[in-house]
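Heads up: the structure comes next, in structure tokens.
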Amino acid sequence: SSSSSSSSQTSESPADDTQNRILLTSLTTAMGTFSIFLMTLLFGVLHTSCPYCVFSAACSIILAQLTWIGGCLPESNSSGSEATITTTTTTISKATAVSSSFALATVTAIFLFVGTPSADIPSSGGSSSTLLASAAAGSTTTTAALNGKAALYSPPPITTDSSQQALKVAKSLQSLNAKMYGAYWCSHCFDQKQILGKEAFETYVQYVECSKDGVNSQTKVCRAKDVPGYPTWEINGKLYPGQQELDELEDLVNGLVK
């Protein structure tokens with residue numbers, strides 16, 4: 001009786017192992033495919049860097065490669081007609097599972113890409129910027145959408161009050177004809193505005209919207225200036241990419257003001 005039970009468990013083991021191998025291959029294939037999409041979005045659309053994202057994507061892609069190269073997919077060891085049937089069944093299972101995972105990852109990637117606001121970032125380089133701001137911003141469409149035209153988006157409102165230091169720095173920036181290039185969806189652009197505060201930024205700083213679907217878009221100006229990423233400051237004719245802390249802006253301005 002115990003011998004029969006042990007024999008039954010042993011005979012079921014290969015089937016379970018085959019299923020697990022196919023599921024593992026499908027999962028790692030989906031992870032690798034989706035990671036490639038995310039890296040395309042990170043470097044091709046956002047033009048920014050994210051070491052943790054790259055590390056995570058690399059791990060997923062390497063895992064997918066290992067499952068394929070390392071022979072994770074099961075192979076039949078049977079012979080004769082049984083081998084033909086088993087091999088055919090296993091091959092169909094492999095193709096179905098892997099194709100399904102690849103298709104699911106691809107469809108998800110396309111859905112996210114289509115649902116993502118147009119970043120319209122210049123192609124010249126990278127700075128810190130992220131699509132997460134489009135959700136956090138609560139961007140509003142203009143009445144153009146109601147008239148059948150393309151919807152335009154406004155950046156989120158500045159909610160912080162300006163300090164005396166921020167007002168002083170902003171006035172100095174104005175005297176240097178400073179401009180800040182950004183995009184409505186860019187979280188670091190929003191953070192930069194928050195650092196200066198509502199009064200200082202809106203009164204003294206000239207903001208240039210670079211996203212083509214943003215309100216008052218000046219995409220051509222951004223391209224002509226070869227803006228490397230968002231936010232980028234143009235102070236006294238020179239570009240300074242990246243978010244600047246208030247003290248950094250003050251040091252920058254003091255070095256230029258005579």
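Each chain of the structure tokens is named A, B, ... in the order shown, its residues numbered from 1; ligands are numbered from 1 in display order.
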
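Every protein or nucleic acid residue with an atom no more than 7 Å from Gln243 in chain A, counting only C-alpha atoms and leaving out same-chain residues fewer than 6 positions away, appears here: His188, Gln192 and Pro231 of chain A.
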
Output for the residues just chosen: C-alpha atoms as a tab-separated table (two decimals), in the first residue's frame:
```tsv
chain	number	residue	atom	x	y	z
A	188	HIS	CA	10.86	68.11	-10.44
A	192	GLN	CA	11.37	73.69	-8.20
A	231	PRO	CA	13.71	71.63	-15.31
```

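Of note, CA of Met180 in chain A and CA of Lys168 in chain A are spaced 16.7 Å apart.
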
message: Considering only C-alpha atoms, can you say which of A:Phe43, A:Tyr181, A:Trp68, A:Tyr153 comes closest to Tyr240 in chain A?
response: A:Tyr181

query: When you draw a straight line from CA of Ile62 in chain A to CA of Thr28 in chain A, how long is it in Å?
result: 9.0 Å

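Computed from the coordinates, the CA of Cys210 in chain A to CA of Gly237 in chain A distance equals 17.6 Å.
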
- prompt: With distances taken over only C-alpha atoms, which of A:Thr67, A:Asp191, A:Leu38, A:Ala183 is nearest to Asn216 in chain A?
  reply: A:Ala183
